[in-house]
file target.cif (mmCIF, N, CA and C atoms and all ligand atoms)
data_structure
#
loop_
_atom_site.label_atom_id
_atom_site.label_comp_id
_atom_site.auth_asym_id
_atom_site.auth_seq_id
_atom_site.Cartn_x
_atom_site.Cartn_y
_atom_site.Cartn_z
N MET A 155 79.95 106.41 89.25
CA MET A 155 79.45 107.14 88.10
C MET A 155 78.38 108.15 88.55
N SER A 156 78.44 109.39 88.03
CA SER A 156 77.48 110.40 88.47
C SER A 156 76.15 110.20 87.74
N ALA A 157 75.09 110.69 88.36
CA ALA A 157 73.74 110.55 87.80
C ALA A 157 73.62 111.40 86.54
N PRO A 158 72.81 110.96 85.56
CA PRO A 158 72.64 111.73 84.34
C PRO A 158 71.89 113.05 84.58
N PHE A 159 72.04 113.97 83.63
CA PHE A 159 71.53 115.34 83.82
C PHE A 159 70.03 115.38 84.07
N TRP A 160 69.27 114.47 83.46
CA TRP A 160 67.81 114.54 83.61
C TRP A 160 67.36 114.12 85.00
N GLN A 161 68.29 113.52 85.75
CA GLN A 161 67.96 113.17 87.14
C GLN A 161 68.47 114.21 88.13
N THR A 162 69.42 115.03 87.69
CA THR A 162 70.02 115.97 88.63
C THR A 162 69.61 117.42 88.39
N LYS A 163 69.16 117.72 87.16
CA LYS A 163 68.81 119.11 86.84
C LYS A 163 67.30 119.26 86.70
N SER A 164 66.82 120.43 87.03
CA SER A 164 65.41 120.73 86.72
C SER A 164 65.33 121.08 85.24
N LEU A 165 64.12 121.09 84.70
CA LEU A 165 63.94 121.43 83.28
C LEU A 165 64.49 122.83 82.98
N ASN A 166 64.39 123.70 83.95
CA ASN A 166 64.88 125.08 83.78
C ASN A 166 66.40 125.16 83.75
N GLU A 167 67.05 124.18 84.34
CA GLU A 167 68.52 124.24 84.45
C GLU A 167 69.25 123.60 83.28
N MET A 168 68.52 122.91 82.42
CA MET A 168 69.18 122.17 81.33
C MET A 168 69.73 123.10 80.26
N THR A 169 70.85 122.69 79.65
CA THR A 169 71.38 123.43 78.51
C THR A 169 70.48 123.15 77.30
N ASP A 170 70.65 123.95 76.25
CA ASP A 170 69.86 123.72 75.04
C ASP A 170 70.08 122.31 74.49
N ALA A 171 71.34 121.87 74.50
CA ALA A 171 71.66 120.54 73.96
C ALA A 171 71.01 119.44 74.81
N GLU A 172 71.06 119.61 76.13
CA GLU A 172 70.41 118.61 77.01
C GLU A 172 68.90 118.60 76.77
N TRP A 173 68.34 119.79 76.65
CA TRP A 173 66.89 119.91 76.44
C TRP A 173 66.49 119.19 75.15
N GLU A 174 67.20 119.48 74.08
CA GLU A 174 66.85 118.87 72.79
C GLU A 174 67.03 117.35 72.83
N SER A 175 68.03 116.88 73.57
CA SER A 175 68.28 115.44 73.60
C SER A 175 67.18 114.68 74.33
N LEU A 176 66.35 115.39 75.07
CA LEU A 176 65.23 114.71 75.75
C LEU A 176 64.18 114.22 74.76
N CYS A 177 64.11 114.88 73.60
CA CYS A 177 63.12 114.44 72.60
C CYS A 177 63.54 113.08 72.06
N ASP A 178 62.65 112.12 72.16
CA ASP A 178 62.99 110.74 71.74
C ASP A 178 62.78 110.51 70.24
N GLY A 179 62.17 111.51 69.55
CA GLY A 179 61.97 111.35 68.11
C GLY A 179 60.77 110.50 67.76
N CYS A 180 59.78 110.45 68.66
CA CYS A 180 58.62 109.59 68.40
C CYS A 180 57.66 110.18 67.38
N ALA A 181 57.66 111.52 67.24
CA ALA A 181 56.76 112.24 66.33
C ALA A 181 55.30 112.16 66.76
N ARG A 182 55.05 111.73 67.97
CA ARG A 182 53.64 111.64 68.40
C ARG A 182 53.03 113.02 68.64
N CYS A 183 53.89 114.02 68.78
CA CYS A 183 53.36 115.38 68.93
C CYS A 183 53.22 116.07 67.58
N CYS A 184 53.67 115.42 66.52
CA CYS A 184 53.67 116.03 65.18
C CYS A 184 52.51 115.52 64.33
N VAL A 185 51.42 115.17 64.98
CA VAL A 185 50.22 114.72 64.26
C VAL A 185 49.05 115.62 64.62
N GLU A 186 48.03 115.61 63.76
CA GLU A 186 46.82 116.36 64.06
C GLU A 186 46.15 115.76 65.29
N LYS A 187 45.66 116.64 66.15
CA LYS A 187 45.02 116.19 67.39
C LYS A 187 43.64 116.84 67.53
N LEU A 188 42.77 116.14 68.19
CA LEU A 188 41.45 116.69 68.48
C LEU A 188 41.30 116.75 70.00
N GLU A 189 40.80 117.88 70.49
CA GLU A 189 40.60 118.03 71.93
C GLU A 189 39.13 118.26 72.23
N ASP A 190 38.57 117.43 73.10
CA ASP A 190 37.18 117.60 73.50
C ASP A 190 37.08 118.85 74.38
N GLU A 191 36.29 119.83 73.92
CA GLU A 191 36.20 121.11 74.64
C GLU A 191 35.69 120.94 76.06
N ASP A 192 34.81 119.96 76.25
CA ASP A 192 34.19 119.80 77.56
C ASP A 192 35.05 118.99 78.52
N THR A 193 35.60 117.87 78.03
CA THR A 193 36.34 116.99 78.94
C THR A 193 37.85 117.23 78.90
N GLY A 194 38.32 117.89 77.85
CA GLY A 194 39.77 118.11 77.72
C GLY A 194 40.48 116.89 77.17
N GLU A 195 39.71 115.82 76.86
CA GLU A 195 40.35 114.60 76.33
C GLU A 195 40.98 114.90 74.97
N VAL A 196 42.21 114.41 74.77
CA VAL A 196 42.93 114.65 73.53
C VAL A 196 43.06 113.33 72.77
N VAL A 197 42.66 113.37 71.50
CA VAL A 197 42.76 112.19 70.65
C VAL A 197 43.80 112.47 69.56
N PHE A 198 44.76 111.57 69.43
CA PHE A 198 45.82 111.72 68.43
C PHE A 198 45.41 111.00 67.15
N SER A 199 45.57 111.68 66.00
CA SER A 199 45.28 111.03 64.71
C SER A 199 46.59 110.48 64.14
N ASN A 200 46.51 109.91 62.94
CA ASN A 200 47.74 109.46 62.28
C ASN A 200 48.08 110.36 61.08
N GLU A 201 47.48 111.57 61.07
CA GLU A 201 47.77 112.52 60.00
C GLU A 201 48.94 113.41 60.41
N ALA A 202 50.04 113.25 59.70
CA ALA A 202 51.27 113.95 60.07
C ALA A 202 51.24 115.41 59.67
N CYS A 203 51.92 116.23 60.42
CA CYS A 203 52.20 117.61 60.04
C CYS A 203 52.91 117.59 58.68
N GLY A 204 52.61 118.59 57.86
CA GLY A 204 53.18 118.63 56.52
C GLY A 204 54.69 118.79 56.48
N LEU A 205 55.28 119.14 57.60
CA LEU A 205 56.74 119.35 57.61
C LEU A 205 57.50 118.14 58.14
N LEU A 206 56.78 117.14 58.57
CA LEU A 206 57.46 115.97 59.14
C LEU A 206 58.01 115.06 58.04
N ASN A 207 59.17 114.50 58.26
CA ASN A 207 59.65 113.40 57.43
C ASN A 207 59.01 112.14 58.02
N ILE A 208 58.03 111.59 57.34
CA ILE A 208 57.26 110.51 57.94
C ILE A 208 58.03 109.19 57.98
N HIS A 209 59.17 109.15 57.33
CA HIS A 209 59.99 107.93 57.35
C HIS A 209 60.97 107.94 58.55
N SER A 210 61.55 109.12 58.80
CA SER A 210 62.49 109.21 59.93
C SER A 210 61.80 109.70 61.20
N CYS A 211 60.58 110.26 61.06
CA CYS A 211 59.84 110.85 62.17
C CYS A 211 60.52 112.11 62.71
N ARG A 212 61.31 112.78 61.88
CA ARG A 212 61.97 114.02 62.30
C ARG A 212 61.43 115.19 61.48
N CYS A 213 61.42 116.36 62.09
CA CYS A 213 60.97 117.57 61.39
C CYS A 213 61.98 117.89 60.29
N ARG A 214 61.48 118.25 59.11
CA ARG A 214 62.38 118.52 57.98
C ARG A 214 63.00 119.91 58.03
N ALA A 215 62.51 120.77 58.90
CA ALA A 215 63.08 122.12 58.99
C ALA A 215 62.93 122.61 60.44
N TYR A 216 63.50 121.85 61.34
CA TYR A 216 63.25 122.09 62.76
C TYR A 216 63.59 123.52 63.19
N GLN A 217 64.75 124.03 62.77
CA GLN A 217 65.17 125.36 63.23
C GLN A 217 64.26 126.47 62.72
N SER A 218 63.71 126.29 61.52
CA SER A 218 62.86 127.35 60.95
C SER A 218 61.40 126.90 60.84
N ARG A 219 61.02 125.93 61.65
CA ARG A 219 59.70 125.30 61.49
C ARG A 219 58.53 126.26 61.62
N GLN A 220 58.68 127.27 62.49
CA GLN A 220 57.53 128.15 62.70
C GLN A 220 57.28 129.08 61.51
N MET A 221 58.28 129.18 60.63
CA MET A 221 58.07 129.93 59.39
C MET A 221 57.10 129.17 58.48
N TYR A 222 57.16 127.83 58.54
CA TYR A 222 56.30 126.98 57.70
C TYR A 222 55.02 126.58 58.42
N VAL A 223 55.15 126.36 59.72
CA VAL A 223 54.00 125.90 60.52
C VAL A 223 53.89 126.80 61.76
N PRO A 224 53.25 127.97 61.60
CA PRO A 224 53.19 128.91 62.73
C PRO A 224 52.55 128.31 63.98
N ALA A 225 51.70 127.31 63.79
CA ALA A 225 51.01 126.73 64.95
C ALA A 225 51.87 125.73 65.71
N CYS A 226 53.06 125.43 65.19
CA CYS A 226 53.91 124.46 65.89
C CYS A 226 54.31 125.04 67.24
N ILE A 227 54.06 124.27 68.26
CA ILE A 227 54.28 124.76 69.62
C ILE A 227 55.71 124.47 70.08
N ARG A 228 56.32 125.48 70.68
CA ARG A 228 57.64 125.29 71.26
C ARG A 228 57.46 124.84 72.71
N ILE A 229 57.99 123.67 73.01
CA ILE A 229 57.83 123.16 74.37
C ILE A 229 58.87 123.84 75.27
N THR A 230 58.39 124.40 76.37
CA THR A 230 59.27 125.10 77.33
C THR A 230 58.91 124.61 78.74
N PRO A 231 59.75 124.90 79.72
CA PRO A 231 59.37 124.55 81.10
C PRO A 231 58.05 125.17 81.51
N GLU A 232 57.78 126.40 81.05
CA GLU A 232 56.52 127.08 81.41
C GLU A 232 55.33 126.34 80.79
N PHE A 233 55.49 125.92 79.53
CA PHE A 233 54.44 125.15 78.85
C PHE A 233 54.12 123.88 79.66
N LEU A 234 55.17 123.23 80.14
CA LEU A 234 54.99 121.95 80.83
C LEU A 234 54.35 122.11 82.21
N GLU A 235 54.40 123.33 82.75
CA GLU A 235 53.76 123.55 84.06
C GLU A 235 52.24 123.61 83.94
N ASP A 236 51.74 123.81 82.72
CA ASP A 236 50.30 123.95 82.50
C ASP A 236 49.69 122.56 82.27
N ASP A 237 48.83 122.11 83.17
CA ASP A 237 48.27 120.76 83.09
C ASP A 237 47.59 120.49 81.76
N GLN A 238 46.80 121.46 81.29
CA GLN A 238 46.06 121.25 80.04
C GLN A 238 47.03 121.13 78.86
N LYS A 239 47.99 122.04 78.79
CA LYS A 239 48.92 122.02 77.65
C LYS A 239 49.79 120.76 77.69
N ARG A 240 50.21 120.37 78.88
CA ARG A 240 51.04 119.15 79.01
C ARG A 240 50.29 117.93 78.47
N GLY A 241 48.96 117.99 78.58
CA GLY A 241 48.12 116.89 78.09
C GLY A 241 48.09 116.79 76.58
N TRP A 242 48.61 117.82 75.89
CA TRP A 242 48.69 117.74 74.43
C TRP A 242 49.85 116.86 74.00
N LEU A 243 50.73 116.52 74.96
CA LEU A 243 51.84 115.61 74.66
C LEU A 243 51.44 114.21 75.09
N PRO A 244 51.94 113.17 74.41
CA PRO A 244 51.57 111.81 74.81
C PRO A 244 52.22 111.45 76.15
N PRO A 245 51.64 110.51 76.89
CA PRO A 245 52.20 110.13 78.19
C PRO A 245 53.64 109.61 78.09
N SER A 246 54.02 109.14 76.90
CA SER A 246 55.38 108.60 76.73
C SER A 246 56.43 109.70 76.57
N CYS A 247 55.99 110.93 76.29
CA CYS A 247 56.93 112.01 75.98
C CYS A 247 57.86 112.29 77.16
N ALA A 248 59.15 112.37 76.88
CA ALA A 248 60.13 112.56 77.96
C ALA A 248 59.93 113.89 78.68
N TYR A 249 59.53 114.93 77.93
CA TYR A 249 59.31 116.23 78.59
C TYR A 249 58.15 116.11 79.59
N ARG A 250 57.11 115.47 79.13
CA ARG A 250 55.95 115.31 80.03
C ARG A 250 56.30 114.42 81.22
N ARG A 251 57.01 113.32 80.94
CA ARG A 251 57.35 112.39 82.02
C ARG A 251 58.20 113.07 83.09
N ILE A 252 59.21 113.81 82.65
CA ILE A 252 60.08 114.45 83.63
C ILE A 252 59.32 115.53 84.39
N ALA A 253 58.48 116.29 83.67
CA ALA A 253 57.68 117.32 84.34
C ALA A 253 56.74 116.70 85.39
N GLU A 254 56.35 115.44 85.16
CA GLU A 254 55.43 114.76 86.09
C GLU A 254 56.18 113.85 87.07
N GLY A 255 57.52 113.99 87.10
CA GLY A 255 58.30 113.23 88.08
C GLY A 255 58.50 111.77 87.74
N GLN A 256 58.33 111.41 86.46
CA GLN A 256 58.48 110.01 86.03
C GLN A 256 59.89 109.79 85.45
N PRO A 257 60.43 108.58 85.55
CA PRO A 257 61.74 108.30 84.94
C PRO A 257 61.60 108.12 83.43
N LEU A 258 62.72 108.19 82.73
CA LEU A 258 62.70 107.85 81.30
C LEU A 258 62.52 106.35 81.15
N GLU A 259 61.86 105.96 80.06
CA GLU A 259 61.65 104.53 79.79
C GLU A 259 62.93 103.90 79.22
N ASP A 260 63.04 102.58 79.31
CA ASP A 260 64.25 101.88 78.83
C ASP A 260 64.50 102.10 77.35
N TRP A 261 63.42 102.33 76.57
CA TRP A 261 63.58 102.50 75.13
C TRP A 261 64.01 103.91 74.76
N HIS A 262 64.07 104.82 75.71
CA HIS A 262 64.48 106.18 75.36
C HIS A 262 65.94 106.17 74.89
N PRO A 263 66.24 106.86 73.78
CA PRO A 263 67.61 106.85 73.26
C PRO A 263 68.67 107.27 74.27
N LEU A 264 68.32 108.14 75.21
CA LEU A 264 69.31 108.52 76.22
C LEU A 264 69.64 107.34 77.14
N ILE A 265 68.74 106.40 77.27
CA ILE A 265 68.99 105.21 78.11
C ILE A 265 69.61 104.10 77.27
N SER A 266 69.02 103.88 76.08
CA SER A 266 69.47 102.75 75.24
C SER A 266 70.76 103.06 74.49
N GLY A 267 71.00 104.37 74.23
CA GLY A 267 72.16 104.74 73.41
C GLY A 267 71.92 104.52 71.93
N ASP A 268 70.69 104.18 71.57
CA ASP A 268 70.37 103.87 70.18
C ASP A 268 69.17 104.73 69.73
N PRO A 269 69.36 105.63 68.76
CA PRO A 269 68.24 106.48 68.33
C PRO A 269 67.07 105.71 67.74
N ASN A 270 67.32 104.46 67.32
CA ASN A 270 66.24 103.65 66.74
C ASN A 270 65.41 102.90 67.79
N SER A 271 65.84 102.94 69.03
CA SER A 271 65.13 102.13 70.03
C SER A 271 63.69 102.60 70.21
N VAL A 272 63.43 103.88 69.96
CA VAL A 272 62.05 104.38 70.07
C VAL A 272 61.17 103.77 68.98
N HIS A 273 61.76 103.48 67.83
CA HIS A 273 61.01 102.83 66.75
C HIS A 273 60.89 101.32 67.02
N ASP A 274 62.00 100.72 67.45
CA ASP A 274 61.99 99.27 67.71
C ASP A 274 60.98 98.90 68.80
N ALA A 275 60.78 99.84 69.74
CA ALA A 275 59.84 99.56 70.83
C ALA A 275 58.40 99.90 70.44
N ALA A 276 58.20 100.31 69.18
CA ALA A 276 56.87 100.64 68.66
C ALA A 276 56.22 101.80 69.43
N ILE A 277 57.03 102.70 69.92
CA ILE A 277 56.52 103.90 70.58
C ILE A 277 56.29 105.01 69.57
N SER A 278 57.12 105.04 68.55
CA SER A 278 57.04 106.13 67.57
C SER A 278 55.89 105.90 66.59
N MET A 279 55.66 106.92 65.78
CA MET A 279 54.60 106.86 64.77
C MET A 279 55.09 106.25 63.47
N LYS A 280 56.33 105.82 63.43
CA LYS A 280 56.90 105.27 62.20
C LYS A 280 56.04 104.11 61.67
N GLY A 281 55.68 104.20 60.39
CA GLY A 281 54.87 103.15 59.78
C GLY A 281 53.38 103.36 59.90
N TRP A 282 52.97 104.39 60.65
CA TRP A 282 51.54 104.60 60.89
C TRP A 282 51.01 105.86 60.23
N LEU A 283 51.92 106.68 59.71
CA LEU A 283 51.51 108.03 59.33
C LEU A 283 51.01 108.17 57.89
N ILE A 284 50.05 109.07 57.72
CA ILE A 284 49.68 109.55 56.40
C ILE A 284 50.02 111.05 56.39
N GLN A 285 50.17 111.60 55.18
CA GLN A 285 50.56 113.02 55.11
C GLN A 285 49.90 113.67 53.89
N PRO A 286 48.62 114.00 54.02
CA PRO A 286 47.89 114.57 52.89
C PRO A 286 48.31 115.99 52.55
N ASN A 287 48.95 116.69 53.47
CA ASN A 287 49.29 118.11 53.23
C ASN A 287 50.79 118.35 53.38
N LYS A 288 51.58 117.60 52.64
CA LYS A 288 53.04 117.74 52.72
C LYS A 288 53.46 119.14 52.26
N ILE A 289 54.33 119.77 53.02
CA ILE A 289 54.84 121.10 52.66
C ILE A 289 56.12 120.92 51.83
N GLU A 290 56.15 121.57 50.67
CA GLU A 290 57.34 121.52 49.83
C GLU A 290 58.32 122.58 50.31
N LEU A 291 59.57 122.23 50.47
CA LEU A 291 60.59 123.19 50.95
C LEU A 291 61.30 123.81 49.76
S1 LIG A 301 56.11 113.64 71.86
FE1 LIG A 301 57.80 114.47 73.05
S2 LIG A 301 59.46 113.01 72.75
FE2 LIG A 301 57.95 112.61 71.12
S3 LIG A 301 58.65 113.86 69.38
FE3 LIG A 301 57.22 115.11 70.56
S4 LIG A 301 58.49 116.31 71.97
FE4 LIG A 301 59.74 114.62 71.20
S1 LIG A 302 56.67 121.82 62.32
FE1 LIG A 302 58.11 120.16 62.68
S2 LIG A 302 58.21 119.94 64.92
FE2 LIG A 302 56.39 121.17 64.43
S3 LIG A 302 54.69 119.68 64.33
FE3 LIG A 302 55.50 119.94 62.25
S4 LIG A 302 57.00 118.32 62.00
FE4 LIG A 302 56.62 118.52 64.19
#

call {"tool": "encode", "arguments": {"input": "target.cif", "output": "structure tokens"}}
result
Amino acid sequence: MSAPFWQTKSLNEMTDAEWESLCDGCARCCVEKLEDEDTGEVVFSNEACGLLNIHSCRCRAYQSRQMYVPACIRITPEFLEDDQKRGWLPPSCAYRRIAEGQPLEDWHPLISGDPNSVHDAAISMKGWLIQPNKIEL
């Protein structure tokens, strides 16, 4: 059996579909964050972005999200090369892990074959989120 794409391709070589499939659906990047200006330490809150479906942990308008949330950051290989910006993603994030030479965890849907495994492993924000500023579509 041949090795999976995330082990054989660089982030730059992945197709759009491969790239998108790396997202485990944890929603840990879809919460308000605070960054210490001096130390660079990033603290994640449990306040969800107004566009997130807090039950499924998926963006409700992913393709047009920047129309509703201009500050939503598009993760790219170039973004991941920047140490500070990469730190805005949680250590569990597949994009960050691969950029840092780490393997995917067993609970990642690409490994488990189950999109719910990220929730079952308590990695996702499911059940923890509040959403005071929900955006109506
Ligand atoms: S932290 Fe990474 S894996 Fe989790 S939702 Fe965000 S981009 Fe996807
Ligand atoms: S716009 Fe969508 S992808 Fe961006 S932070 Fe909000 S919920 Fe997440």

call {"tool": "residues_near_point", "arguments": {"input": "target.cif", "point": "(56.4, 105.6, 80.8)", "cutoff": "6.5 Å", "atoms": "only N, CA and C atoms", "output": "compact mmCIF listing (two decimals) with N, CA and C atoms, keeping the file's coordinate frame"}}
result
# COMPACT_ATOMS: atom_id res chain seq x y z
N PRO A 245 51.64 110.51 76.89
CA PRO A 245 52.20 110.13 78.19
C PRO A 245 53.64 109.61 78.09
N SER A 246 54.02 109.14 76.90
CA SER A 246 55.38 108.60 76.73
C SER A 246 56.43 109.70 76.57
N PRO A 257 60.43 108.58 85.55
CA PRO A 257 61.74 108.30 84.94
C PRO A 257 61.60 108.12 83.43
N LEU A 258 62.72 108.19 82.73
CA LEU A 258 62.70 107.85 81.30
C LEU A 258 62.52 106.35 81.15
N GLU A 259 61.86 105.96 80.06
CA GLU A 259 61.65 104.53 79.79
C GLU A 259 62.93 103.90 79.22

call {"tool": "residues_near_ligand", "arguments": {"input": "target.cif", "ligand": "ligand LIG 301 (chain A)", "cutoff": "5 Å", "atoms": "all atoms listed in the file", "output": "VMD selection string"}}
result
chain A and resid 177 to 183 244 247 to 248

call {"tool": "write_last_selection", "arguments": {"input": "target.cif", "atoms": "N, CA and C atoms", "output": "PDB file, keeping the file's coordinate frame"}}
result
ATOM      1  N   CYS A 177      64.110 114.880  73.600  1.00  0.00           N
ATOM      2  CA  CYS A 177      63.120 114.440  72.600  1.00  0.00           C
ATOM      3  C   CYS A 177      63.540 113.080  72.060  1.00  0.00           C
ATOM      4  N   ASP A 178      62.650 112.120  72.160  1.00  0.00           N
ATOM      5  CA  ASP A 178      62.990 110.740  71.740  1.00  0.00           C
ATOM      6  C   ASP A 178      62.780 110.510  70.240  1.00  0.00           C
ATOM      7  N   GLY A 179      62.170 111.510  69.550  1.00  0.00           N
ATOM      8  CA  GLY A 179      61.970 111.350  68.110  1.00  0.00           C
ATOM      9  C   GLY A 179      60.770 110.500  67.760  1.00  0.00           C
ATOM     10  N   CYS A 180      59.780 110.450  68.660  1.00  0.00           N
ATOM     11  CA  CYS A 180      58.620 109.590  68.400  1.00  0.00           C
ATOM     12  C   CYS A 180      57.660 110.180  67.380  1.00  0.00           C
ATOM     13  N   ALA A 181      57.660 111.520  67.240  1.00  0.00           N
ATOM     14  CA  ALA A 181      56.760 112.240  66.330  1.00  0.00           C
ATOM     15  C   ALA A 181      55.300 112.160  66.760  1.00  0.00           C
ATOM     16  N   ARG A 182      55.050 111.730  67.970  1.00  0.00           N
ATOM     17  CA  ARG A 182      53.640 111.640  68.400  1.00  0.00           C
ATOM     18  C   ARG A 182      53.030 113.020  68.640  1.00  0.00           C
ATOM     19  N   CYS A 183      53.890 114.020  68.780  1.00  0.00           N
ATOM     20  CA  CYS A 183      53.360 115.380  68.930  1.00  0.00           C
ATOM     21  C   CYS A 183      53.220 116.070  67.580  1.00  0.00           C
ATOM     22  N   PRO A 244      51.940 113.170  74.410  1.00  0.00           N
ATOM     23  CA  PRO A 244      51.570 111.810  74.810  1.00  0.00           C
ATOM     24  C   PRO A 244      52.220 111.450  76.150  1.00  0.00           C
ATOM     25  N   CYS A 247      55.990 110.930  76.290  1.00  0.00           N
ATOM     26  CA  CYS A 247      56.930 112.010  75.980  1.00  0.00           C
ATOM     27  C   CYS A 247      57.860 112.290  77.160  1.00  0.00           C
ATOM     28  N   ALA A 248      59.150 112.370  76.880  1.00  0.00           N
ATOM     29  CA  ALA A 248      60.130 112.560  77.960  1.00  0.00           C
ATOM     30  C   ALA A 248      59.930 113.890  78.680  1.00  0.00           C
TER      31      ALA A 248
END

call {"tool": "closest_atom_pairs", "arguments": {"input": "target.cif", "of": "chain A", "to": "ligand LIG 302 (chain A)", "cutoff": "8 Å", "atoms": "all atoms listed in the file", "output": "JSON lines"}}
result
{"residue": "A:Ala181", "atom": "CA", "partner": "A:LIG302", "partner_atom": "FE4", "distance": 6.6}
{"residue": "A:Arg182", "atom": "N", "partner": "A:LIG302", "partner_atom": "FE4", "distance": 7.9}
{"residue": "A:Cys183", "atom": "C", "partner": "A:LIG302", "partner_atom": "S3", "distance": 5.1}
{"residue": "A:Cys184", "atom": "CA", "partner": "A:LIG302", "partner_atom": "S3", "distance": 3.9}
{"residue": "A:Val185", "atom": "N", "partner": "A:LIG302", "partner_atom": "S3", "distance": 5.6}
{"residue": "A:Glu186", "atom": "N", "partner": "A:LIG302", "partner_atom": "S3", "distance": 7.8}
{"residue": "A:Ala202", "atom": "C", "partner": "A:LIG302", "partner_atom": "FE3", "distance": 6.7}
{"residue": "A:Cys203", "atom": "CA", "partner": "A:LIG302", "partner_atom": "FE3", "distance": 4.6}
{"residue": "A:Gly204", "atom": "N", "partner": "A:LIG302", "partner_atom": "FE3", "distance": 5.4}
{"residue": "A:Leu205", "atom": "C", "partner": "A:LIG302", "partner_atom": "S4", "distance": 3.9}
{"residue": "A:Leu206", "atom": "N", "partner": "A:LIG302", "partner_atom": "S4", "distance": 3.6}
{"residue": "A:Asn207", "atom": "N", "partner": "A:LIG302", "partner_atom": "S4", "distance": 5.8}
{"residue": "A:Cys211", "atom": "C", "partner": "A:LIG302", "partner_atom": "S4", "distance": 7.2}
{"residue": "A:Arg212", "atom": "C", "partner": "A:LIG302", "partner_atom": "S4", "distance": 5.4}
{"residue": "A:Cys213", "atom": "CA", "partner": "A:LIG302", "partner_atom": "FE1", "distance": 4.1}
{"residue": "A:Arg214", "atom": "N", "partner": "A:LIG302", "partner_atom": "FE1", "distance": 5.3}
{"residue": "A:Ala215", "atom": "N", "partner": "A:LIG302", "partner_atom": "FE1", "distance": 5.8}
{"residue": "A:Tyr216", "atom": "CA", "partner": "A:LIG302", "partner_atom": "FE1", "distance": 5.5}
{"residue": "A:Gln217", "atom": "N", "partner": "A:LIG302", "partner_atom": "FE1", "distance": 7.7}
{"residue": "A:Ser218", "atom": "C", "partner": "A:LIG302", "partner_atom": "S1", "distance": 7.1}
{"residue": "A:Arg219", "atom": "CA", "partner": "A:LIG302", "partner_atom": "S1", "distance": 4.7}
{"residue": "A:Gln220", "atom": "N", "partner": "A:LIG302", "partner_atom": "S1", "distance": 5.8}
{"residue": "A:Met221", "atom": "N", "partner": "A:LIG302", "partner_atom": "S1", "distance": 7.7}
{"residue": "A:Tyr222", "atom": "C", "partner": "A:LIG302", "partner_atom": "S1", "distance": 6.4}
{"residue": "A:Val223", "atom": "CA", "partner": "A:LIG302", "partner_atom": "S1", "distance": 5.2}
{"residue": "A:Pro224", "atom": "N", "partner": "A:LIG302", "partner_atom": "S1", "distance": 7.1}
{"residue": "A:Ala225", "atom": "C", "partner": "A:LIG302", "partner_atom": "FE2", "distance": 6.5}
{"residue": "A:Cys226", "atom": "CA", "partner": "A:LIG302", "partner_atom": "FE2", "distance": 4.4}
{"residue": "A:Ile227", "atom": "N", "partner": "A:LIG302", "partner_atom": "FE2", "distance": 5.5}
{"residue": "A:Arg228", "atom": "N", "partner": "A:LIG302", "partner_atom": "FE2", "distance": 7.6}

call {"tool": "atom_distance", "arguments": {"input": "target.cif", "atom1": "atom CA of Asp274 of chain A", "atom2": "atom CA of Ser156 of chain A"}}
result
28.2 Å

call {"tool": "atom_distance", "arguments": {"input": "target.cif", "atom1": "atom CA of Trp173 of chain A", "atom2": "atom CA of Asp236 of chain A"}}
result
18.1 Å

call {"tool": "closest_residue", "arguments": {"input": "target.cif", "among": "A:Ser271, A:Gln256, A:Gln238, A:Gln285", "to": "Asp190 of chain A", "atoms": "only C-alpha atoms"}}
result
A:Gln238

call {"tool": "decode", "arguments": {"input": "target.cif", "residues": "segment 259-289 of chain A", "atoms": "C-alpha atoms", "output": "PDB file, in the first residue's frame"}}
result
ATOM      1  CA  GLU A 259      -2.798  11.995  15.522  1.00  0.00           C
ATOM      2  CA  ASP A 260      -4.837   8.752  15.639  1.00  0.00           C
ATOM      3  CA  TRP A 261      -8.039  10.744  16.170  1.00  0.00           C
ATOM      4  CA  HIS A 262      -7.616  12.710  12.951  1.00  0.00           C
ATOM      5  CA  PRO A 263     -10.463  11.825  10.550  1.00  0.00           C
ATOM      6  CA  LEU A 264      -7.962  11.025   7.795  1.00  0.00           C
ATOM      7  CA  ILE A 265      -6.517   8.318  10.069  1.00  0.00           C
ATOM      8  CA  SER A 266      -9.694   7.136  11.806  1.00  0.00           C
ATOM      9  CA  GLY A 267     -11.973   7.389   8.762  1.00  0.00           C
ATOM     10  CA  ASP A 268     -14.598   8.887  11.062  1.00  0.00           C
ATOM     11  CA  PRO A 269     -15.357  12.656  11.004  1.00  0.00           C
ATOM     12  CA  ASN A 270     -16.617  12.405  14.591  1.00  0.00           C
ATOM     13  CA  SER A 271     -13.381  11.034  15.998  1.00  0.00           C
ATOM     14  CA  VAL A 272     -12.107  14.578  16.620  1.00  0.00           C
ATOM     15  CA  HIS A 273     -15.137  15.149  18.871  1.00  0.00           C
ATOM     16  CA  ASP A 274     -14.990  11.707  20.509  1.00  0.00           C
ATOM     17  CA  ALA A 275     -11.351  12.341  21.423  1.00  0.00           C
ATOM     18  CA  ALA A 276     -12.366  15.660  23.067  1.00  0.00           C
ATOM     19  CA  ILE A 277     -10.016  17.607  20.808  1.00  0.00           C
ATOM     20  CA  SER A 278     -12.722  19.765  19.284  1.00  0.00           C
ATOM     21  CA  MET A 279     -14.532  22.690  20.876  1.00  0.00           C
ATOM     22  CA  LYS A 280     -17.861  20.872  20.688  1.00  0.00           C
ATOM     23  CA  GLY A 281     -19.814  21.394  23.910  1.00  0.00           C
ATOM     24  CA  TRP A 282     -17.568  24.212  25.122  1.00  0.00           C
ATOM     25  CA  LEU A 283     -18.581  27.130  22.969  1.00  0.00           C
ATOM     26  CA  ILE A 284     -20.588  30.261  23.596  1.00  0.00           C
ATOM     27  CA  GLN A 285     -21.620  32.553  20.743  1.00  0.00           C
ATOM     28  CA  PRO A 286     -22.708  36.020  21.854  1.00  0.00           C
ATOM     29  CA  ASN A 287     -22.347  37.540  18.369  1.00  0.00           C
ATOM     30  CA  LYS A 288     -24.005  35.047  16.026  1.00  0.00           C
ATOM     31  CA  ILE A 289     -24.171  36.291  12.432  1.00  0.00           C
TER      32      ILE A 289
END
